[in-house]
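Asker: Right, I'll just put the structure down here and ask away after.
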Protein chains: 2
Amino acid sequence: MTSEQMTNDRIRFDEWGLVPAVMQDGATGEVLMVAWMNEEALRCTEETGQAHFWSRSRRELWHKGATSSNFMNVREIWVDCDADTLLLKVAPTGPACHTGQRSCFYRRLA
Amino acid sequence: MTSEQMTNDRIRFDEWGLVPAVMQDGATGEVLMVAWMNEEALRCTEETGQAHFWSRSRRELWHKGATSSNFMNVREIWVDCDADTLLLKVAPTGPACHTGQRSCFYRRLA
């Protein structure tokens, strides 16, 4: 990866004001989960250094780890070529998945 | 990751019949791109062993590499806990990004 920089105001949120965000363990490279961010979630993520999302089911801002204490400390945020998807390199303080698995991707397609 | 298995008919496509799919280089762990799959794209991916997507802009099945020759040979497909996101471990034959970058995530958020 090169390291061109870009700014928040160039992120292309979709018609619901959302972009998908991939969480990747910055140390191991493991892909942990995919969730959605709106502008507020991205701003809170940058301000606190911990991943915040928009919960589409609960329709509310979601500070990942607020109830489980399994926070995602964000080291780097990358933006894709279309500026409509984010990649966050994180240091998780516990399992990403509500099932207790380290990654939400614990099942393989047969 | 554990290796529970699941089958295609349990994938929860959204109201447009789509799921996001994360491409990860199976050798390096690098996250290459995120694109969308419908049922047909997933079936074509499984049948050919090369990633197929649904192009939301062109509204057509998209065999990644058909024009660029930069195919994504798929080694493993993983499914997340909600069964609404896929993770594909791939061996790319060239850059994932139309810009020529290896990964679409070549810009860092300032």
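Letters A, B, ... go to the chains of the structure tokens in the order shown; residues in each chain start at 1; ligands are counted from 1 in the same order.
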Would you kindly report the residues of chain B within 6 Å of chain A, using only C-alpha atoms, as a PyMOL selection string?

Answerer: chain B and resi 1-7+29+77-81+104-110

Asker: What lies within 12 Å of Arg59 in chain A using only C-alpha atoms, ignoring chain neighbours under 2 positions off, as an MDAnalysis selection string?

Answerer: chainID A and resid 16 18 36:38 53:57 61:62

Asker: With N, CA, C and O atoms retained, write the just-selected residues as a PDB file, in the first residue's frame.

Answerer:
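Result file result.pdb:
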ATOM      1  N   TRP A  16     -28.110   6.050   2.537  1.00  0.00           N
ATOM      2  CA  TRP A  16     -28.508   6.025   3.945  1.00  0.00           C
ATOM      3  C   TRP A  16     -27.445   6.663   4.846  1.00  0.00           C
ATOM      4  O   TRP A  16     -27.501   6.557   6.068  1.00  0.00           O
ATOM      5  N   LEU A  18     -24.242   5.765   4.963  1.00  0.00           N
ATOM      6  CA  LEU A  18     -23.400   4.714   5.547  1.00  0.00           C
ATOM      7  C   LEU A  18     -22.290   4.266   4.604  1.00  0.00           C
ATOM      8  O   LEU A  18     -22.420   4.369   3.380  1.00  0.00           O
ATOM      9  N   TRP A  36     -21.022  -1.065   9.849  1.00  0.00           N
ATOM     10  CA  TRP A  36     -21.352   0.132   9.080  1.00  0.00           C
ATOM     11  C   TRP A  36     -21.067   1.381   9.876  1.00  0.00           C
ATOM     12  O   TRP A  36     -21.318   1.432  11.084  1.00  0.00           O
ATOM     13  N   MET A  37     -20.571   2.385   9.205  1.00  0.00           N
ATOM     14  CA  MET A  37     -20.329   3.681   9.844  1.00  0.00           C
ATOM     15  C   MET A  37     -21.103   4.776   9.118  1.00  0.00           C
ATOM     16  O   MET A  37     -21.160   4.784   7.894  1.00  0.00           O
ATOM     17  N   ASN A  38     -21.658   5.700   9.912  1.00  0.00           N
ATOM     18  CA  ASN A  38     -22.125   6.955   9.340  1.00  0.00           C
ATOM     19  C   ASN A  38     -21.103   8.037   9.722  1.00  0.00           C
ATOM     20  O   ASN A  38     -20.057   7.732  10.311  1.00  0.00           O
ATOM     21  N   PHE A  53     -19.763   2.355  15.429  1.00  0.00           N
ATOM     22  CA  PHE A  53     -20.503   2.012  14.222  1.00  0.00           C
ATOM     23  C   PHE A  53     -21.914   2.559  14.304  1.00  0.00           C
ATOM     24  O   PHE A  53     -22.339   3.077  15.342  1.00  0.00           O
ATOM     25  N   TRP A  54     -22.633   2.410  13.186  1.00  0.00           N
ATOM     26  CA  TRP A  54     -24.066   2.647  13.191  1.00  0.00           C
ATOM     27  C   TRP A  54     -24.731   1.288  13.174  1.00  0.00           C
ATOM     28  O   TRP A  54     -24.513   0.498  12.247  1.00  0.00           O
ATOM     29  N   SER A  55     -25.500   1.000  14.227  1.00  0.00           N
ATOM     30  CA  SER A  55     -26.225  -0.265  14.257  1.00  0.00           C
ATOM     31  C   SER A  55     -27.487  -0.126  13.411  1.00  0.00           C
ATOM     32  O   SER A  55     -28.379   0.653  13.752  1.00  0.00           O
ATOM     33  N   ARG A  56     -27.525  -0.870  12.310  1.00  0.00           N
ATOM     34  CA  ARG A  56     -28.695  -0.781  11.422  1.00  0.00           C
ATOM     35  C   ARG A  56     -29.917  -1.437  12.051  1.00  0.00           C
ATOM     36  O   ARG A  56     -31.040  -1.038  11.799  1.00  0.00           O
ATOM     37  N   SER A  57     -29.709  -2.460  12.894  1.00  0.00           N
ATOM     38  CA  SER A  57     -30.864  -3.121  13.533  1.00  0.00           C
ATOM     39  C   SER A  57     -31.424  -2.267  14.666  1.00  0.00           C
ATOM     40  O   SER A  57     -32.637  -2.110  14.787  1.00  0.00           O
ATOM     41  N   LEU A  61     -26.155   4.835  17.336  1.00  0.00           N
ATOM     42  CA  LEU A  61     -24.695   4.827  17.389  1.00  0.00           C
ATOM     43  C   LEU A  61     -24.270   3.701  18.327  1.00  0.00           C
ATOM     44  O   LEU A  61     -24.876   3.511  19.385  1.00  0.00           O
ATOM     45  N   TRP A  62     -23.233   2.981  17.929  1.00  0.00           N
ATOM     46  CA  TRP A  62     -22.831   1.778  18.657  1.00  0.00           C
ATOM     47  C   TRP A  62     -21.334   1.866  18.933  1.00  0.00           C
ATOM     48  O   TRP A  62     -20.535   1.777  18.013  1.00  0.00           O
TER      49      TRP A  62
END

Asker: According to DSSP computed on the backbone, where in chain B is there helix (DSSP H, G or I)? Give the residues as a PyMOL selection string.

Answerer: chain B and resi 8-10+39-48

Asker: Can you list, as a ChimeraX atom specification, all residues belonging to range 14-105 of chain A that DSSP tags as strand (DSSP E or B)?

Answerer: /A:19-25,31-37,50,52-55,60-63,72-79,86-92

Asker: Just to confirm, what's the straight-line distance from CA of Gly49 in chain A to CA of Asp25 in chain B in Å (one decimal)?

Answerer: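 Value for the CA of Gly49 in chain A-CA of Asp25 in chain B distance: 26.8 Å.
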
Asker: Measure the distance from CA of Phe71 in chain B to CA of Val19 in chain B in Å and round it to one decimal.

Answerer: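 These two atoms are separated by 20.0 Å.
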
Asker: Quote the spacing between CA of Asn73 in chain B and CA of Ala41 in chain B in Å to one decimal place.

Answerer: 14.0 Å
